[in-house]
Every structure is written in structure tokens, then in C-alpha cells.
Amino acid sequence: MNLFELGGLFLYGSLFLVFFAIIAFIVGAILYLVQAFGLYGMGKKAGLENTWLAFVPIANFYLMGKLIKEIKVDKYVVPSAELVLPVACVVVLVLGNIPVLGKLISLCAFLLYLAGYYNLYSLYRPKDAVMFTVLSVLIVTVPFFIFMMRNDEMVVPEQKKNDSVPVQ
């Protein structure tokens, strides 16, 4: 293989990478907008102010936190989800590249967001919350779940209890 052929391969490889990057950016932007419209609709339906924050990166987690209020995992409760979720995102962005600590922080944040999504799904689709959360590990499914729930009514705790009681 001569230098000219090698240069051609490099050019085709580079073009493929650029094409792949453009496609990935477009898909990412579409997924982001799908989730943003879903959060926007949920916020509007819940009567929250500043629902436009659904379209602002990191601030969209503030809106999600306002919807769920707190993150509950069994007996443990993380209060002020509207502050914890955006701060966790910033911490991951700042410290996520530190070799071992960054990976640990990223894993903790991922689990925090999974718990947050579970709480969100429980508010709107309690019967599907576990399934949605398990599928949310794939990350790409989250925007679609949130978008699907945008017009749903929020389920109050009394309704959750009544859903689980068998009718006689």
C-alpha cells in the first residue's frame, strides 16, 4: 500500500467520523427536545412557574426536581430535589474526569437520577414505574417515557394506595 492509498483511507475514515458525529448530534438534539417538551408539558399541567426551564440544559433537572419534590428510596429521603439534581449534574461535569473518584461520582449521580426518574414515573404512572425505571438504564428511553406522560394527571398518594388495593 502506497502513501497515496493510505491518505485516501484516512480521508474516508475522517469523513465517516464526521458523518457519525453529525448524526449523533442530531439524534441527541432530538432526544433532548423530546424530553424537554415532555417536562414542559408536565410542568404546565402541574401549574409550575418557569416551565421554559425544561429547554435549558441542567436547569431542566431543576424543573424535574420541582415536580418530584424529593427523592425517596425505601426509607431514605433526599429533600429539595430541585437543588440536588442540578447540583449533581454540575458536580459530574466538573469532577467526572478524575480517574477513580470521577467514575465513582458519576455512578452515584447515575443512581441518583435513576431514583429521581422512578419517583417521577411513580407520580404519573405508578403501575409502570418499575418497568420504566429498569428500561431507563438504557438512558435513550427516558425522553420517550417523559414525553408519553406529559399529558397524564399526577397521581396523588391516596390514589396510589387505592390502585394497589384489590376491588371486591
# chains A, B, ... in the order shown; residues from 1 in each chain; ligands from 1
call {"tool": "residues_around", "arguments": {"residues": "region 73-77 of chain A", "least_positions_apart": "5", "cutoff": "12 Å", "atoms": "only C-alpha atoms", "output": "list in words"}}
result
Ile68, Val84, Leu111, Leu112, Tyr113, Leu114, Ala115, Gly116, Tyr117, Tyr118, Asn119 and Ser122 of chain A
call {"tool": "write_last_selection", "arguments": {"atoms": "N, CA and C atoms", "output": "PDB file, in the first residue's frame"}}
result
ATOM      1  N   ILE A  68     -41.010  16.364  41.402  1.00  0.00           N
ATOM      2  CA  ILE A  68     -40.965  15.232  42.341  1.00  0.00           C
ATOM      3  C   ILE A  68     -40.776  15.670  43.787  1.00  0.00           C
ATOM      4  N   VAL A  84     -30.818  19.396  44.398  1.00  0.00           N
ATOM      5  CA  VAL A  84     -29.892  18.258  44.377  1.00  0.00           C
ATOM      6  C   VAL A  84     -29.614  17.784  42.947  1.00  0.00           C
ATOM      7  N   LEU A 111     -27.166   6.677  39.691  1.00  0.00           N
ATOM      8  CA  LEU A 111     -28.132   6.035  40.591  1.00  0.00           C
ATOM      9  C   LEU A 111     -29.109   7.053  41.169  1.00  0.00           C
ATOM     10  N   LEU A 112     -28.623   8.250  41.475  1.00  0.00           N
ATOM     11  CA  LEU A 112     -29.495   9.321  41.966  1.00  0.00           C
ATOM     12  C   LEU A 112     -30.545   9.678  40.911  1.00  0.00           C
ATOM     13  N   TYR A 113     -30.105   9.809  39.660  1.00  0.00           N
ATOM     14  CA  TYR A 113     -31.047  10.142  38.590  1.00  0.00           C
ATOM     15  C   TYR A 113     -32.034   9.001  38.339  1.00  0.00           C
ATOM     16  N   LEU A 114     -31.567   7.759  38.421  1.00  0.00           N
ATOM     17  CA  LEU A 114     -32.499   6.633  38.289  1.00  0.00           C
ATOM     18  C   LEU A 114     -33.571   6.690  39.372  1.00  0.00           C
ATOM     19  N   ALA A 115     -33.157   6.975  40.605  1.00  0.00           N
ATOM     20  CA  ALA A 115     -34.125   7.097  41.701  1.00  0.00           C
ATOM     21  C   ALA A 115     -35.069   8.266  41.445  1.00  0.00           C
ATOM     22  N   GLY A 116     -34.535   9.362  40.933  1.00  0.00           N
ATOM     23  CA  GLY A 116     -35.377  10.510  40.604  1.00  0.00           C
ATOM     24  C   GLY A 116     -36.388  10.183  39.519  1.00  0.00           C
ATOM     25  N   TYR A 117     -35.930   9.475  38.484  1.00  0.00           N
ATOM     26  CA  TYR A 117     -36.856   9.073  37.429  1.00  0.00           C
ATOM     27  C   TYR A 117     -37.912   8.113  37.966  1.00  0.00           C
ATOM     28  N   TYR A 118     -37.518   7.209  38.853  1.00  0.00           N
ATOM     29  CA  TYR A 118     -38.501   6.310  39.460  1.00  0.00           C
ATOM     30  C   TYR A 118     -39.574   7.115  40.196  1.00  0.00           C
ATOM     31  N   ASN A 119     -39.151   8.121  40.950  1.00  0.00           N
ATOM     32  CA  ASN A 119     -40.115   8.965  41.664  1.00  0.00           C
ATOM     33  C   ASN A 119     -41.017   9.717  40.689  1.00  0.00           C
ATOM     34  N   SER A 122     -43.440   7.257  39.225  1.00  0.00           N
ATOM     35  CA  SER A 122     -44.422   6.883  40.254  1.00  0.00           C
ATOM     36  C   SER A 122     -45.514   7.926  40.399  1.00  0.00           C
TER      37      SER A 122
END
call {"tool": "residues_around", "arguments": {"residues": "Pro57 (chain A)", "least_positions_apart": "3", "cutoff": "12 Å", "atoms": "only C-alpha atoms", "output": "list in words"}}
result
Ala29, Tyr32, Leu33, Gln35, Ala36, Trp52, Leu53, Ala54, Asn60, Phe61, Tyr62, Leu63, Met64, Leu85, Pro86, Cys89 and Val90 of chain A
call {"tool": "residues_around", "arguments": {"residues": "region 127-132 of chain A", "least_positions_apart": "3", "cutoff": "12 Å", "atoms": "only C-alpha atoms", "output": "VMD selection string"}}
result
chain A and resid 114 to 124 135 to 146 148 to 149 155 159 to 164
call {"tool": "write_last_selection", "arguments": {"atoms": "C-alpha atoms", "output": "mmCIF file, in the first residue's frame"}}
result
data_model
loop_
_atom_site.group_PDB
_atom_site.id
_atom_site.type_symbol
_atom_site.label_atom_id
_atom_site.label_comp_id
_atom_site.auth_asym_id
_atom_site.auth_seq_id
_atom_site.Cartn_x
_atom_site.Cartn_y
_atom_site.Cartn_z
ATOM 1 C CA LEU A 114 -32.499 6.633 38.289
ATOM 2 C CA ALA A 115 -34.125 7.097 41.701
ATOM 3 C CA GLY A 116 -35.377 10.510 40.604
ATOM 4 C CA TYR A 117 -36.856 9.073 37.429
ATOM 5 C CA TYR A 118 -38.501 6.310 39.460
ATOM 6 C CA ASN A 119 -40.115 8.965 41.664
ATOM 7 C CA LEU A 120 -41.252 10.879 38.578
ATOM 8 C CA TYR A 121 -42.696 7.746 36.960
ATOM 9 C CA SER A 122 -44.422 6.883 40.254
ATOM 10 C CA LEU A 123 -46.182 10.244 40.231
ATOM 11 C CA TYR A 124 -47.653 9.750 36.777
ATOM 12 C CA LEU A 135 -35.634 0.411 30.970
ATOM 13 C CA SER A 136 -34.245 3.848 31.894
ATOM 14 C CA VAL A 137 -30.871 2.203 32.487
ATOM 15 C CA LEU A 138 -30.604 2.370 28.690
ATOM 16 C CA ILE A 139 -30.848 6.203 29.043
ATOM 17 C CA VAL A 140 -32.197 6.627 25.498
ATOM 18 C CA THR A 141 -35.662 5.514 26.691
ATOM 19 C CA VAL A 142 -36.056 8.286 29.304
ATOM 20 C CA PRO A 143 -37.102 11.058 26.871
ATOM 21 C CA PHE A 144 -39.842 8.881 25.416
ATOM 22 C CA PHE A 145 -41.242 7.914 28.833
ATOM 23 C CA ILE A 146 -41.315 11.548 29.951
ATOM 24 C CA MET A 148 -45.557 9.888 26.974
ATOM 25 C CA MET A 149 -46.504 11.131 30.455
ATOM 26 C CA VAL A 155 -51.368 10.638 40.885
ATOM 27 C CA GLN A 159 -54.804 7.291 44.515
ATOM 28 C CA LYS A 160 -51.622 5.160 44.615
ATOM 29 C CA LYS A 161 -52.902 3.326 47.675
ATOM 30 C CA ASN A 162 -56.301 2.794 46.087
ATOM 31 C CA ASP A 163 -54.668 1.423 42.917
ATOM 32 C CA SER A 164 -52.931 -1.317 44.874
#
call {"tool": "closest_residue", "arguments": {"among": "A:Tyr12, A:Leu93, A:Arg125, A:Gly43", "to": "Ala109 (chain A)", "atoms": "only C-alpha atoms"}}
result
A:Leu93
call {"tool": "select_by_dssp", "arguments": {"residues": "chain A", "states": "alpha helix (DSSP H)", "output": "VMD selection string"}}
result
chain A and resid 3 to 46 59 to 68 81 to 95 99 to 124 129 to 136 142 to 149 157 to 164
call {"tool": "closest_residue", "arguments": {"among": "A:Ala81, A:Val34, A:Val156, A:Ile26", "to": "Leu67 (chain A)", "atoms": "only C-alpha atoms"}}
result
A:Ala81
call {"tool": "atom_distance", "arguments": {"atom1": "CA of Ala46 (chain A)", "atom2": "CA of Lys72 (chain A)"}}
result
19.7 Å
call {"tool": "closest_residue", "arguments": {"among": "A:Leu39, A:Cys108, A:Ile71, A:Val91", "to": "Val56 (chain A)", "atoms": "only C-alpha atoms"}}
result
A:Leu39
call {"tool": "atom_distance", "arguments": {"atom1": "CA of Phe37 (chain A)", "atom2": "CA of Thr51 (chain A)"}}
result
9.8 Å
call {"tool": "atom_distance", "arguments": {"atom1": "CA of Lys66 (chain A)", "atom2": "CA of Gly41 (chain A)"}}
result
13.4 Å
call {"tool": "decode", "arguments": {"residues": "region 70-127 of chain A", "atoms": "C-alpha atoms", "output": "compact mmCIF listing (two decimals), in the first residue's frame"}}
result
# COMPACT_ATOMS: atom_id res chain seq x y z
CA GLU A 70 -37.91 14.80 46.97
CA ILE A 71 -36.18 11.60 46.00
CA LYS A 72 -37.38 8.64 48.04
CA VAL A 73 -35.57 5.32 48.08
CA ASP A 74 -37.11 2.92 50.58
CA LYS A 75 -36.72 4.68 53.98
CA TYR A 76 -34.22 7.23 52.73
CA VAL A 77 -35.33 10.63 51.50
CA VAL A 78 -33.24 13.19 49.65
CA PRO A 79 -35.04 16.53 50.17
CA SER A 80 -35.00 19.51 47.80
CA ALA A 81 -34.69 17.52 44.59
CA GLU A 82 -34.93 20.79 42.65
CA LEU A 83 -31.49 21.69 44.05
CA VAL A 84 -29.89 18.26 44.38
CA LEU A 85 -30.45 17.15 40.76
CA PRO A 86 -28.88 20.18 39.01
CA VAL A 87 -26.02 20.31 41.53
CA ALA A 88 -25.30 16.61 40.92
CA CYS A 89 -25.13 17.32 37.19
CA VAL A 90 -22.64 20.16 37.71
CA VAL A 91 -20.54 18.02 40.08
CA VAL A 92 -20.33 15.27 37.45
CA LEU A 93 -19.34 17.79 34.78
CA VAL A 94 -16.62 19.29 37.00
CA LEU A 95 -15.26 16.16 38.71
CA GLY A 96 -16.29 13.39 36.31
CA ASN A 97 -12.92 13.16 34.57
CA ILE A 98 -10.88 12.47 37.70
CA PRO A 99 -9.67 8.86 37.18
CA VAL A 100 -11.22 6.86 40.06
CA LEU A 101 -13.15 9.48 42.02
CA GLY A 102 -14.85 10.77 38.87
CA LYS A 103 -16.15 7.33 37.95
CA LEU A 104 -17.48 6.82 41.46
CA ILE A 105 -19.17 10.24 41.43
CA SER A 106 -20.66 9.52 38.00
CA LEU A 107 -22.02 6.17 39.20
CA CYS A 108 -23.58 7.78 42.28
CA ALA A 109 -25.14 10.51 40.14
CA PHE A 110 -26.48 7.90 37.71
CA LEU A 111 -28.13 6.04 40.59
CA LEU A 112 -29.50 9.32 41.97
CA TYR A 113 -31.05 10.14 38.59
CA LEU A 114 -32.50 6.63 38.29
CA ALA A 115 -34.12 7.10 41.70
CA GLY A 116 -35.38 10.51 40.60
CA TYR A 117 -36.86 9.07 37.43
CA TYR A 118 -38.50 6.31 39.46
CA ASN A 119 -40.12 8.96 41.66
CA LEU A 120 -41.25 10.88 38.58
CA TYR A 121 -42.70 7.75 36.96
CA SER A 122 -44.42 6.88 40.25
CA LEU A 123 -46.18 10.24 40.23
CA TYR A 124 -47.65 9.75 36.78
CA ARG A 125 -47.70 6.03 36.03
CA PRO A 126 -47.29 4.13 39.31
CA LYS A 127 -48.11 0.75 37.76
